[in-house]
>>> print(open('coords17.pdb').read())   # PDB, C-alpha atoms (C1' of nucleotides)
ATOM      1  CA  MET A   1     138.433  50.985 128.138
ATOM      2  CA  GLN A   2     134.867  50.288 127.191
ATOM      3  CA  GLN A   3     133.617  50.068 123.645
ATOM      4  CA  LEU A   4     130.992  52.333 122.185
ATOM      5  CA  GLU A   5     128.747  49.366 121.422
ATOM      6  CA  GLU A   6     128.811  48.148 125.018
ATOM      7  CA  LEU A   7     127.909  51.532 126.400
ATOM      8  CA  VAL A   8     125.123  52.017 123.893
ATOM      9  CA  ALA A   9     123.808  48.567 124.731
ATOM     10  CA  SER A  10     123.837  49.408 128.456
ATOM     11  CA  LEU A  11     121.819  52.517 127.803
ATOM     12  CA  ARG A  12     119.344  50.702 125.600
ATOM     13  CA  GLU A  13     118.887  47.987 128.220
ATOM     14  CA  GLU A  14     118.068  50.609 130.795
ATOM     15  CA  GLY A  15     115.284  51.801 128.540
ATOM     16  CA  PHE A  16     116.964  54.909 127.220
ATOM     17  CA  ARG A  17     116.615  55.928 123.623
ATOM     18  CA  ILE A  18     119.627  55.918 121.410
ATOM     19  CA  THR A  19     119.876  59.239 119.637
ATOM     20  CA  PRO A  20     122.632  60.579 117.395
ATOM     21  CA  GLN A  21     123.369  63.172 120.082
ATOM     22  CA  ARG A  22     123.928  60.542 122.734
ATOM     23  CA  ILE A  23     126.096  58.478 120.449
ATOM     24  CA  ALA A  24     128.198  61.506 119.589
ATOM     25  CA  ILE A  25     128.764  62.361 123.244
ATOM     26  CA  VAL A  26     129.526  58.831 124.363
ATOM     27  CA  ASP A  27     131.744  58.199 121.372
ATOM     28  CA  TYR A  28     133.817  61.272 122.105
ATOM     29  CA  LEU A  29     134.104  60.526 125.810
ATOM     30  CA  LEU A  30     135.392  57.048 125.116
ATOM     31  CA  LYS A  31     137.998  58.227 122.645
ATOM     32  CA  THR A  32     139.458  61.194 124.472
ATOM     33  CA  GLU A  33     141.923  61.235 127.326
ATOM     34  CA  GLU A  34     141.327  64.893 127.962
ATOM     35  CA  HIS A  35     138.821  64.924 130.834
ATOM     36  CA  PRO A  36     136.778  67.498 128.948
ATOM     37  CA  SER A  37     134.297  69.974 130.392
ATOM     38  CA  ALA A  38     130.688  70.040 129.190
ATOM     39  CA  GLU A  39     131.482  73.112 127.130
ATOM     40  CA  HIS A  40     134.462  71.404 125.556
ATOM     41  CA  ILE A  41     132.484  68.289 124.706
ATOM     42  CA  HIS A  42     129.877  70.494 123.103
ATOM     43  CA  LYS A  43     132.351  72.465 120.989
ATOM     44  CA  THR A  44     134.240  69.379 119.899
ATOM     45  CA  ILE A  45     131.354  67.235 118.805
ATOM     46  CA  GLN A  46     129.691  70.137 117.044
ATOM     47  CA  LYS A  47     132.372  69.964 114.377
ATOM     48  CA  LYS A  48     131.186  66.486 113.477
ATOM     49  CA  TYR A  49     127.576  66.705 114.626
ATOM     50  CA  PRO A  50     126.394  70.320 114.448
ATOM     51  CA  MET A  51     123.021  69.469 115.909
ATOM     52  CA  VAL A  52     123.936  68.924 119.514
ATOM     53  CA  SER A  53     122.959  71.577 122.031
ATOM     54  CA  LEU A  54     124.789  72.313 125.239
ATOM     55  CA  SER A  55     121.783  71.449 127.336
ATOM     56  CA  THR A  56     121.604  68.032 125.712
ATOM     57  CA  VAL A  57     125.243  67.549 126.615
ATOM     58  CA  TYR A  58     124.436  68.352 130.232
ATOM     59  CA  LYS A  59     121.383  66.112 130.255
ATOM     60  CA  THR A  60     123.300  63.223 128.736
ATOM     61  CA  LEU A  61     126.165  63.643 131.174
ATOM     62  CA  ASP A  62     123.688  63.526 134.056
ATOM     63  CA  LEU A  63     122.329  60.299 132.680
ATOM     64  CA  LEU A  64     125.751  58.768 132.266
ATOM     65  CA  LYS A  65     126.823  59.845 135.741
ATOM     66  CA  GLU A  66     123.728  58.324 137.243
ATOM     67  CA  LYS A  67     124.380  55.046 135.469
ATOM     68  CA  LYS A  68     128.025  55.202 136.607
ATOM     69  CA  LEU A  69     129.232  55.223 133.027
ATOM     70  CA  VAL A  70     131.238  58.391 133.513
ATOM     71  CA  ASN A  71     132.907  60.037 136.485
ATOM     72  CA  GLU A  72     132.852  63.696 137.230
ATOM     73  CA  ILE A  73     135.717  65.616 138.792
ATOM     74  CA  GLU A  74     135.841  69.281 139.672
ATOM     75  CA  VAL A  75     138.764  71.406 138.621
ATOM     76  CA  GLU A  76     138.694  75.109 139.354
ATOM     77  CA  GLY A  77     134.958  75.388 139.664
ATOM     78  CA  GLU A  78     134.250  73.499 136.475
ATOM     79  CA  ALA A  79     133.037  69.928 136.078
ATOM     80  CA  ARG A  80     135.223  67.643 133.991
ATOM     81  CA  PHE A  81     134.193  64.236 132.731
ATOM     82  CA  ASP A  82     135.884  60.926 132.282
ATOM     83  CA  ALA A  83     134.598  57.651 130.867
ATOM     84  CA  HIS A  84     137.455  55.766 132.506
ATOM     85  CA  THR A  85     135.516  54.722 135.540
ATOM     86  CA  ASP A  86     138.155  52.598 137.220
ATOM     87  CA  GLU A  87     139.440  54.260 140.344
ATOM     88  CA  HIS A  88     142.533  56.271 139.725
ATOM     89  CA  ILE A  89     144.344  59.409 140.702
ATOM     90  CA  ASN A  90     143.911  62.462 138.543
ATOM     91  CA  LEU A  91     147.067  64.433 138.080
ATOM     92  CA  VAL A  92     146.384  68.026 137.118
ATOM     93  CA  CYS A  93     149.160  70.143 135.638
ATOM     94  CA  MET A  94     148.886  73.627 137.099
ATOM     95  CA  ASN A  95     150.702  75.125 134.129
ATOM     96  CA  CYS A  96     149.281  73.593 130.959
ATOM     97  CA  GLY A  97     146.027  72.280 132.435
ATOM     98  CA  LYS A  98     146.577  68.731 131.256
ATOM     99  CA  ILE A  99     144.973  66.007 133.345
ATOM    100  CA  GLU A 100     146.593  62.591 133.432
ATOM    101  CA  ASP A 101     145.372  59.417 135.057
ATOM    102  CA  ILE A 102     147.463  57.228 137.282
ATOM    103  CA  ASP A 103     146.408  53.810 138.436
ATOM    104  CA  GLU A 104     147.457  53.452 141.991
ATOM    105  CA  ASP A 105     147.155  50.055 143.552
ATOM    106  CA  SER A 106     147.296  51.307 147.076
ATOM    107  CA  LEU A 107     144.163  53.420 146.770
ATOM    108  CA  LYS A 108     141.964  50.602 147.983
ATOM    109  CA  GLU A 109     144.241  50.056 150.943
ATOM    110  CA  ILE A 110     144.057  53.712 151.896
ATOM    111  CA  GLN A 111     140.313  53.652 151.622
ATOM    112  CA  ASN A 112     140.184  50.678 153.946
ATOM    113  CA  ARG A 113     142.376  52.372 156.484
ATOM    114  CA  VAL A 114     140.352  55.543 156.384
ATOM    115  CA  ALA A 115     137.118  53.598 156.667
ATOM    116  CA  LYS A 116     138.401  51.818 159.753
ATOM    117  CA  LYS A 117     139.668  54.998 161.368
ATOM    118  CA  SER A 118     136.587  57.087 160.646
ATOM    119  CA  LYS A 119     133.833  54.476 160.828
ATOM    120  CA  TYR A 120     132.579  55.842 157.515
ATOM    121  CA  LEU A 121     131.192  53.600 154.820
ATOM    122  CA  ILE A 122     133.381  54.763 151.946
ATOM    123  CA  VAL A 123     131.652  54.737 148.584
ATOM    124  CA  LYS A 124     134.246  56.399 146.431
ATOM    125  CA  GLY A 125     137.393  58.367 146.621
ATOM    126  CA  SER A 126     138.319  61.343 144.571
ATOM    127  CA  PHE A 127     142.024  61.887 144.328
ATOM    128  CA  GLU A 128     143.371  64.883 142.622
ATOM    129  CA  MET A 129     146.965  65.853 142.779
ATOM    130  CA  PHE A 130     148.140  69.193 141.510
ATOM    131  CA  GLY A 131     151.585  69.996 140.295
ATOM    132  CA  TYR A 132     153.636  70.464 137.177
ATOM    133  CA  CYS A 133     153.962  67.849 134.479
ATOM    134  CA  ASN A 134     157.207  66.592 133.062
ATOM    135  CA  ASN A 135     157.127  69.157 130.277
ATOM    136  CA  CYS A 136     156.295  72.147 132.440
ATOM    137  CA  LYS A 137     158.158  71.422 135.652
ATOM    138  CA  SER A 138     161.511  72.820 134.579
ATOM    139  CA  LYS A 139     159.945  76.286 134.667
ATOM    140  CA  PHE A 140     159.065  75.947 138.334
ATOM    141  CA  ASN A 141     162.214  74.562 139.903
TER     142      ASN A 141
ATOM    143  CA  MET B   1     145.113  74.921 164.990
ATOM    144  CA  GLN B   2     146.236  78.502 164.554
ATOM    145  CA  GLN B   3     145.209  81.336 166.810
ATOM    146  CA  LEU B   4     143.328  84.379 165.649
ATOM    147  CA  GLU B   5     146.138  86.627 166.798
ATOM    148  CA  GLU B   6     148.748  84.788 164.745
ATOM    149  CA  LEU B   7     146.664  84.949 161.620
ATOM    150  CA  VAL B   8     145.901  88.614 162.086
ATOM    151  CA  ALA B   9     149.590  89.273 162.652
ATOM    152  CA  SER B  10     150.457  87.418 159.434
ATOM    153  CA  LEU B  11     148.043  89.576 157.509
ATOM    154  CA  ARG B  12     149.320  92.770 159.060
ATOM    155  CA  GLU B  13     152.914  91.805 158.288
ATOM    156  CA  GLU B  14     151.998  91.291 154.671
ATOM    157  CA  GLY B  15     150.764  94.865 154.595
ATOM    158  CA  PHE B  16     147.031  94.140 154.696
ATOM    159  CA  ARG B  17     144.685  96.222 156.765
ATOM    160  CA  ILE B  18     142.942  94.690 159.691
ATOM    161  CA  THR B  19     139.256  95.426 159.436
ATOM    162  CA  PRO B  20     136.377  94.157 161.584
ATOM    163  CA  GLN B  21     135.118  92.229 158.541
ATOM    164  CA  ARG B  22     138.383  90.382 158.119
ATOM    165  CA  ILE B  23     138.574  89.603 161.799
ATOM    166  CA  ALA B  24     135.032  88.253 161.763
ATOM    167  CA  ILE B  25     135.746  85.970 158.811
ATOM    168  CA  VAL B  26     139.056  84.698 160.095
ATOM    169  CA  ASP B  27     137.700  84.226 163.593
ATOM    170  CA  TYR B  28     134.824  82.122 162.333
ATOM    171  CA  LEU B  29     137.013  80.038 160.040
ATOM    172  CA  LEU B  30     139.363  79.201 162.879
ATOM    173  CA  LYS B  31     136.573  78.163 165.206
ATOM    174  CA  THR B  32     134.433  76.057 162.922
ATOM    175  CA  GLU B  33     134.998  72.502 161.794
ATOM    176  CA  GLU B  34     132.272  72.777 159.192
ATOM    177  CA  HIS B  35     134.182  73.517 155.982
ATOM    178  CA  PRO B  36     131.704  76.273 155.207
ATOM    179  CA  SER B  37     130.854  77.764 151.829
ATOM    180  CA  ALA B  38     131.227  81.503 151.208
ATOM    181  CA  GLU B  39     127.472  81.871 151.502
ATOM    182  CA  HIS B  40     127.470  80.027 154.807
ATOM    183  CA  ILE B  41     130.296  82.115 156.220
ATOM    184  CA  HIS B  42     128.396  85.211 155.215
ATOM    185  CA  LYS B  43     125.126  84.134 156.822
ATOM    186  CA  THR B  44     126.789  82.971 160.013
ATOM    187  CA  ILE B  45     128.918  85.985 160.732
ATOM    188  CA  GLN B  46     126.083  88.361 159.881
ATOM    189  CA  LYS B  47     124.374  87.339 163.087
ATOM    190  CA  LYS B  48     127.274  88.744 165.048
ATOM    191  CA  TYR B  49     128.537  91.329 162.565
ATOM    192  CA  PRO B  50     125.678  92.521 160.343
ATOM    193  CA  MET B  51     127.950  94.735 158.300
ATOM    194  CA  VAL B  52     129.771  92.144 156.248
ATOM    195  CA  SER B  53     128.862  91.800 152.594
ATOM    196  CA  LEU B  54     129.127  88.639 150.557
ATOM    197  CA  SER B  55     131.611  90.187 148.169
ATOM    198  CA  THR B  56     133.876  91.086 151.064
ATOM    199  CA  VAL B  57     133.705  87.461 152.154
ATOM    200  CA  TYR B  58     134.811  86.393 148.694
ATOM    201  CA  LYS B  59     137.544  88.987 148.543
ATOM    202  CA  THR B  60     138.861  88.028 151.960
ATOM    203  CA  LEU B  61     138.794  84.346 151.095
ATOM    204  CA  ASP B  62     140.805  85.057 147.956
ATOM    205  CA  LEU B  63     143.342  86.866 150.082
ATOM    206  CA  LEU B  64     143.573  84.048 152.605
ATOM    207  CA  LYS B  65     143.872  81.442 149.880
ATOM    208  CA  GLU B  66     146.649  83.354 148.225
ATOM    209  CA  LYS B  67     148.514  83.603 151.510
ATOM    210  CA  LYS B  68     147.916  79.873 152.091
ATOM    211  CA  LEU B  69     146.020  80.607 155.273
ATOM    212  CA  VAL B  70     142.972  78.673 154.126
ATOM    213  CA  ASN B  71     142.424  75.796 151.763
ATOM    214  CA  GLU B  72     139.614  75.539 149.282
ATOM    215  CA  ILE B  73     137.904  72.301 148.348
ATOM    216  CA  GLU B  74     135.107  71.779 145.849
ATOM    217  CA  VAL B  75     132.077  69.797 146.827
ATOM    218  CA  GLU B  76     129.247  69.511 144.347
ATOM    219  CA  GLY B  77     130.142  72.586 142.395
ATOM    220  CA  GLU B  78     130.528  74.788 145.424
ATOM    221  CA  ALA B  79     133.722  76.040 147.039
ATOM    222  CA  ARG B  80     134.179  75.145 150.684
ATOM    223  CA  PHE B  81     136.836  76.611 152.951
ATOM    224  CA  ASP B  82     139.015  75.289 155.701
ATOM    225  CA  ALA B  83     141.560  77.036 157.908
ATOM    226  CA  HIS B  84     143.140  73.713 158.820
ATOM    227  CA  THR B  85     145.859  73.877 156.254
ATOM    228  CA  ASP B  86     147.743  70.721 157.173
ATOM    229  CA  GLU B  87     147.331  68.081 154.529
ATOM    230  CA  HIS B  88     144.499  65.740 155.286
ATOM    231  CA  ILE B  89     141.735  63.742 153.734
ATOM    232  CA  ASN B  90     138.287  65.258 153.599
ATOM    233  CA  LEU B  91     135.544  62.775 154.288
ATOM    234  CA  VAL B  92     132.231  63.912 152.864
ATOM    235  CA  CYS B  93     129.014  62.279 154.067
ATOM    236  CA  MET B  94     126.743  61.834 151.063
ATOM    237  CA  ASN B  95     123.669  61.792 153.275
ATOM    238  CA  CYS B  96     123.984  64.600 155.811
ATOM    239  CA  GLY B  97     126.647  66.642 154.003
ATOM    240  CA  LYS B  98     129.017  66.718 156.951
ATOM    241  CA  ILE B  99     132.702  67.007 156.130
ATOM    242  CA  GLU B 100     135.231  65.503 158.503
ATOM    243  CA  ASP B 101     138.996  65.687 158.403
ATOM    244  CA  ILE B 102     141.293  62.732 158.760
ATOM    245  CA  ASP B 103     145.014  63.025 159.170
ATOM    246  CA  GLU B 104     146.588  60.317 157.155
ATOM    247  CA  ASP B 105     150.267  59.724 157.592
ATOM    248  CA  SER B 106     150.660  57.822 154.391
ATOM    249  CA  LEU B 107     149.541  60.686 152.186
ATOM    250  CA  LYS B 108     153.071  61.928 151.751
ATOM    251  CA  GLU B 109     154.212  58.443 150.823
ATOM    252  CA  ILE B 110     151.517  58.192 148.183
ATOM    253  CA  GLN B 111     152.468  61.552 146.787
ATOM    254  CA  ASN B 112     156.061  60.439 146.524
ATOM    255  CA  ARG B 113     155.105  57.261 144.725
ATOM    256  CA  VAL B 114     152.882  59.115 142.307
ATOM    257  CA  ALA B 115     155.561  61.723 141.680
ATOM    258  CA  LYS B 116     158.065  59.014 140.844
ATOM    259  CA  LYS B 117     155.686  57.136 138.579
ATOM    260  CA  SER B 118     154.412  60.180 136.706
ATOM    261  CA  LYS B 119     157.462  62.415 136.689
ATOM    262  CA  TYR B 120     155.222  65.229 137.907
ATOM    263  CA  LEU B 121     156.382  67.765 140.442
ATOM    264  CA  ILE B 122     153.557  67.385 142.946
ATOM    265  CA  VAL B 123     152.616  70.597 144.693
ATOM    266  CA  LYS B 124     149.545  69.528 146.589
ATOM    267  CA  GLY B 125     147.034  66.764 146.811
ATOM    268  CA  SER B 126     143.332  67.035 147.220
ATOM    269  CA  PHE B 127     141.831  63.990 148.766
ATOM    270  CA  GLU B 128     138.139  63.703 149.095
ATOM    271  CA  MET B 129     136.411  60.518 150.026
ATOM    272  CA  PHE B 130     132.685  60.198 149.750
ATOM    273  CA  GLY B 131     130.516  57.852 151.712
ATOM    274  CA  TYR B 132     128.202  57.666 154.673
ATOM    275  CA  CYS B 133     129.165  58.717 158.155
ATOM    276  CA  ASN B 134     128.748  56.615 161.242
ATOM    277  CA  ASN B 135     125.331  58.130 161.963
ATOM    278  CA  CYS B 136     123.965  57.803 158.454
ATOM    279  CA  LYS B 137     125.472  54.558 157.237
ATOM    280  CA  SER B 138     122.883  52.215 158.731
ATOM    281  CA  LYS B 139     120.384  53.579 156.207
ATOM    282  CA  PHE B 140     122.534  52.501 153.289
ATOM    283  CA  ASN B 141     123.553  48.954 154.150
TER     284      ASN B 141
ATOM    285  C1'  DT C   1     146.024 112.355 154.389
ATOM    286  C1'  DT C   2     146.725 108.509 151.792
ATOM    287  C1'  DT C   3     145.933 104.286 150.299
ATOM    288  C1'  DG C   4     143.497 100.167 150.512
ATOM    289  C1'  DA C   5     138.900  97.918 151.856
ATOM    290  C1'  DT C   6     133.950  97.782 151.713
ATOM    291  C1'  DG C   7     129.480  97.075 149.672
ATOM    292  C1'  DC C   8     126.325  97.662 146.295
ATOM    293  C1'  DA C   9     124.832  96.436 141.785
ATOM    294  C1'  DA C  10     125.827  94.667 137.573
ATOM    295  C1'  DA C  11     128.217  91.200 134.911
ATOM    296  C1'  DC C  12     129.899  86.665 134.223
ATOM    297  C1'  DT C  13     130.260  81.576 134.178
ATOM    298  C1'  DT C  14     128.566  77.226 134.691
ATOM    299  C1'  DT C  15     124.630  74.516 135.192
ATOM    300  C1'  DT C  16     119.558  73.668 135.486
ATOM    301  C1'  DT C  17     114.836  73.966 134.049
ATOM    302  C1'  DG C  18     110.248  74.524 131.367
ATOM    303  C1'  DC C  19     108.185  73.674 127.459
ATOM    304  C1'  DA C  20     106.948  73.213 122.488
ATOM    305  C1'  DG C  21     108.304  70.630 118.693
ATOM    306  C1'  DG C  22     110.536  66.511 116.928
ATOM    307  C1'  DA C  23     112.519  61.902 116.768
ATOM    308  C1'  DA C  24     112.908  56.985 118.573
ATOM    309  C1'  DC C  25     110.524  53.235 119.522
TER     310       DC C  25
ATOM    311  C1'  DG D   1     100.903  56.834 117.881
ATOM    312  C1'  DT D   2     103.064  57.372 122.184
ATOM    313  C1'  DT D   3     106.576  58.612 124.878
ATOM    314  C1'  DC D   4     110.853  60.268 125.556
ATOM    315  C1'  DC D   5     114.447  63.530 123.903
ATOM    316  C1'  DT D   6     116.039  67.832 122.026
ATOM    317  C1'  DG D   7     117.014  72.605 121.924
ATOM    318  C1'  DC D   8     115.842  77.038 122.753
ATOM    319  C1'  DA D   9     115.494  80.676 125.965
ATOM    320  C1'  DA D  10     115.051  81.921 130.541
ATOM    321  C1'  DA D  11     116.445  81.238 135.223
ATOM    322  C1'  DA D  12     119.378  79.780 138.815
ATOM    323  C1'  DA D  13     123.479  79.405 141.512
ATOM    324  C1'  DG D  14     127.990  80.696 142.583
ATOM    325  C1'  DT D  15     131.504  83.943 141.881
ATOM    326  C1'  DT D  16     133.824  88.143 140.107
ATOM    327  C1'  DT D  17     134.225  92.993 139.014
ATOM    328  C1'  DG D  18     133.758  98.308 138.789
ATOM    329  C1'  DC D  19     133.301 102.040 141.271
ATOM    330  C1'  DA D  20     131.965 105.472 144.662
ATOM    331  C1'  DT D  21     132.301 105.782 149.523
ATOM    332  C1'  DC D  22     134.567 104.877 153.777
ATOM    333  C1'  DA D  23     137.993 103.731 157.212
ATOM    334  C1'  DA D  24     142.741 101.915 158.660
ATOM    335  C1'  DA D  25     147.159 103.328 158.839
TER     336       DA D  25
END
>>> encode(input="coords17.pdb", output="structure tokens")
Amino acid sequence: MQQLEELVASLREEGFRITPQRIAIVDYLLKTEEHPSAEHIHKTIQKKYPMVSLSTVYKTLDLLKEKKLVNEIEVEGEARFDAHTDEHINLVCMNCGKIEDIDEDSLKEIQNRVAKKSKYLIVKGSFEMFGYCNNCKSKFN
Amino acid sequence: MQQLEELVASLREEGFRITPQRIAIVDYLLKTEEHPSAEHIHKTIQKKYPMVSLSTVYKTLDLLKEKKLVNEIEVEGEARFDAHTDEHINLVCMNCGKIEDIDEDSLKEIQNRVAKKSKYLIVKGSFEMFGYCNNCKSKFN
DNA sequence: TTTGATGCAAACTTTTTGCAGGAAC
DNA sequence: GTTCCTGCAAAAAGTTTGCATCAAA
């Protein structure tokens, strides 16, 4: 988990200006485990910082994605964001919508095998698994 | 790979009507390896069958998804469709946009491990890997 | 003949863009 | 003071929906 100060420093070093809006967005992304959508980020940080527009959220997320400081995953036609940039599997609960991360040591191994088999140069993997979480699964057995 | 006749029979058995539009869509999906978008399906089959509207494509895709006769994957905010419903890894070339399938025997094993670790009931996995295909990769080394 | 399917147009959702004003440097 | 960023409003892109018409059964 990165610290706010580190991320802000990275942005400053790249020549980007540090604005209250950017701090609010980055701060929230680092603290949450929710894999929020742009809309959700916007609504949440508006409680604390009412002066952040949705388009600024989108523009900041683009910036952070480009600098590899956040990852984007797609769930049901909506982009969701995650400042935990280590490779992991996203587990999506099809009932309550929760997204959980799982570190999975064998991911790298799979990527290597696929690379060998396909002759692709693999840059990243996106692993989403869908199912029912521990709380919800009793309803679907 | 399923045959057109089988798929059409499945639909008929479920009580759905067999229309020229549905045949055109299903026929194209079975023949292509392109993982087309709805828009692309529409454009392509219009050459042969000019009387297919985009909303019918969407409605038919919804039907096929529901009946598990096609899978949907998201690439860059757009839904892409695939009649190859066996579990596999989708390899997306970040240069030319091609999507290739790879059967990967260890997928099931990974799913089992993740299920055990997370206590989730895993229903399906979506595995996309992004990189550069054999033709494009020389440009990115 | 009786549904269910089609196709248009309009609505909706998520994301992107242009630009004038404002804030960071 | 200069340049980059913000936020509005408008547009774009992808998808869904309502409804009158049409065709499969």
>>> resolve_selection(input="coords17.pdb", expression="the PyMOL selection byres ((chain A) within 8 of (chain D))", output="list of chain:residue names")
A:Arg17, A:Ser53, A:Ser55, A:Thr56
>>> atom_distance(input="coords17.pdb", atom1="atom CA of His88 of chain A", atom2="atom CA of Lys108 of chain A")
10.0 Å
>>> closest_atom_pairs(input="coords17.pdb", of="chain B", to="chain A", cutoff="7 Å", atoms="all atoms listed in the file", output="JSON lines")
{"residue": "B:Glu74", "atom": "CA", "partner": "A:Glu74", "partner_atom": "CA", "distance": 6.7}
{"residue": "B:Gly77", "atom": "CA", "partner": "A:Gly77", "partner_atom": "CA", "distance": 6.2}
{"residue": "B:Lys119", "atom": "CA", "partner": "A:Asn134", "partner_atom": "CA", "distance": 5.5}
{"residue": "B:Tyr120", "atom": "CA", "partner": "A:Cys133", "partner_atom": "CA", "distance": 4.5}
{"residue": "B:Leu121", "atom": "CA", "partner": "A:Tyr132", "partner_atom": "CA", "distance": 5.0}
{"residue": "B:Ile122", "atom": "CA", "partner": "A:Gly131", "partner_atom": "CA", "distance": 4.2}
{"residue": "B:Val123", "atom": "CA", "partner": "A:Gly131", "partner_atom": "CA", "distance": 4.6}
{"residue": "B:Lys124", "atom": "CA", "partner": "A:Phe130", "partner_atom": "CA", "distance": 5.3}
{"residue": "B:Gly125", "atom": "CA", "partner": "A:Met129", "partner_atom": "CA", "distance": 4.1}
{"residue": "B:Ser126", "atom": "CA", "partner": "A:Glu128", "partner_atom": "CA", "distance": 5.1}
{"residue": "B:Phe127", "atom": "CA", "partner": "A:Phe127", "partner_atom": "CA", "distance": 4.9}
{"residue": "B:Glu128", "atom": "CA", "partner": "A:Ser126", "partner_atom": "CA", "distance": 5.1}
{"residue": "B:Met129", "atom": "CA", "partner": "A:Gly125", "partner_atom": "CA", "distance": 4.1}
{"residue": "B:Phe130", "atom": "CA", "partner": "A:Lys124", "partner_atom": "CA", "distance": 5.3}
{"residue": "B:Gly131", "atom": "CA", "partner": "A:Ile122", "partner_atom": "CA", "distance": 4.2}
{"residue": "B:Tyr132", "atom": "CA", "partner": "A:Leu121", "partner_atom": "CA", "distance": 5.0}
{"residue": "B:Cys133", "atom": "CA", "partner": "A:Tyr120", "partner_atom": "CA", "distance": 4.5}
{"residue": "B:Asn134", "atom": "CA", "partner": "A:Tyr120", "partner_atom": "CA", "distance": 5.4}
{"residue": "B:Lys137", "atom": "CA", "partner": "A:Leu121", "partner_atom": "CA", "distance": 6.3}
>>> interface_residues(input="coords17.pdb", of="chain C", to="chain A", cutoff="12 Å", atoms="all atoms listed in the file", output="list in words")
DT13, DT14, DT15, DT16, DT17, DA23, DA24 and DC25 of chain C
>>> atom_distance(input="coords17.pdb", atom1="atom CA of Asn71 of chain B", atom2="atom CA of Leu29 of chain B")
10.8 Å
>>> atom_distance(input="coords17.pdb", atom1="atom CA of Gly15 of chain A", atom2="atom CA of Asp27 of chain A")
19.1 Å
>>> resolve_selection(input="coords17.pdb", expression="the PyMOL selection byres ((chain B and resi 40) around 12)", output="PyMOL selection string")
chain B and resi 25+28-29+32+34-39+41-47+54+57-58+78-81
>>> residues_near_point(input="coords17.pdb", point="(138.1, 55.4, 125.9)", cutoff="9 Å", atoms="only C-alpha atoms (C1' of nucleotides)", output="list in words")
Met1, Gln2, Gln3, Leu4, Asp27, Tyr28, Leu29, Leu30, Lys31, Thr32, Glu33, Asp82, Ala83 and His84 of chain A
>>> closest_residue(input="coords17.pdb", among="A:Met51, A:Ile99, A:Val26, A:Glu87", to="Ser10 of chain A", atoms="all atoms listed in the file")
A:Val26
>>> build_atoms(input="coords17.pdb", residues="segment 19-29 of chain A", atoms="N, CA, C and O atoms", output="PDB file, in the frame of the given file")
ATOM      1  N   THR A  19     119.985  58.138 120.598  1.00  0.00           N
ATOM      2  CA  THR A  19     119.876  59.239 119.637  1.00  0.00           C
ATOM      3  C   THR A  19     121.259  59.565 119.105  1.00  0.00           C
ATOM      4  O   THR A  19     122.259  59.229 119.735  1.00  0.00           O
ATOM      5  N   PRO A  20     121.323  60.192 117.939  1.00  0.00           N
ATOM      6  CA  PRO A  20     122.632  60.579 117.395  1.00  0.00           C
ATOM      7  C   PRO A  20     123.414  61.447 118.379  1.00  0.00           C
ATOM      8  O   PRO A  20     124.636  61.324 118.497  1.00  0.00           O
ATOM      9  N   GLN A  21     122.695  62.307 119.112  1.00  0.00           N
ATOM     10  CA  GLN A  21     123.369  63.172 120.082  1.00  0.00           C
ATOM     11  C   GLN A  21     124.068  62.344 121.156  1.00  0.00           C
ATOM     12  O   GLN A  21     125.224  62.598 121.501  1.00  0.00           O
ATOM     13  N   ARG A  22     123.346  61.368 121.676  1.00  0.00           N
ATOM     14  CA  ARG A  22     123.928  60.542 122.734  1.00  0.00           C
ATOM     15  C   ARG A  22     125.107  59.728 122.234  1.00  0.00           C
ATOM     16  O   ARG A  22     126.112  59.571 122.934  1.00  0.00           O
ATOM     17  N   ILE A  23     124.975  59.227 121.026  1.00  0.00           N
ATOM     18  CA  ILE A  23     126.096  58.478 120.449  1.00  0.00           C
ATOM     19  C   ILE A  23     127.317  59.380 120.292  1.00  0.00           C
ATOM     20  O   ILE A  23     128.436  59.002 120.637  1.00  0.00           O
ATOM     21  N   ALA A  24     127.078  60.584 119.793  1.00  0.00           N
ATOM     22  CA  ALA A  24     128.198  61.506 119.589  1.00  0.00           C
ATOM     23  C   ALA A  24     128.931  61.783 120.906  1.00  0.00           C
ATOM     24  O   ALA A  24     130.159  61.761 120.972  1.00  0.00           O
ATOM     25  N   ILE A  25     128.168  62.023 121.950  1.00  0.00           N
ATOM     26  CA  ILE A  25     128.764  62.361 123.244  1.00  0.00           C
ATOM     27  C   ILE A  25     129.549  61.177 123.812  1.00  0.00           C
ATOM     28  O   ILE A  25     130.704  61.311 124.233  1.00  0.00           O
ATOM     29  N   VAL A  26     128.906  60.021 123.797  1.00  0.00           N
ATOM     30  CA  VAL A  26     129.526  58.831 124.363  1.00  0.00           C
ATOM     31  C   VAL A  26     130.758  58.431 123.553  1.00  0.00           C
ATOM     32  O   VAL A  26     131.804  58.080 124.109  1.00  0.00           O
ATOM     33  N   ASP A  27     130.628  58.521 122.254  1.00  0.00           N
ATOM     34  CA  ASP A  27     131.744  58.199 121.372  1.00  0.00           C
ATOM     35  C   ASP A  27     132.957  59.078 121.678  1.00  0.00           C
ATOM     36  O   ASP A  27     134.082  58.588 121.838  1.00  0.00           O
ATOM     37  N   TYR A  28     132.704  60.362 121.815  1.00  0.00           N
ATOM     38  CA  TYR A  28     133.817  61.272 122.105  1.00  0.00           C
ATOM     39  C   TYR A  28     134.443  61.000 123.465  1.00  0.00           C
ATOM     40  O   TYR A  28     135.663  60.966 123.613  1.00  0.00           O
ATOM     41  N   LEU A  29     133.592  60.774 124.458  1.00  0.00           N
ATOM     42  CA  LEU A  29     134.104  60.526 125.810  1.00  0.00           C
ATOM     43  C   LEU A  29     134.966  59.274 125.871  1.00  0.00           C
ATOM     44  O   LEU A  29     135.937  59.210 126.627  1.00  0.00           O
TER      45      LEU A  29
END
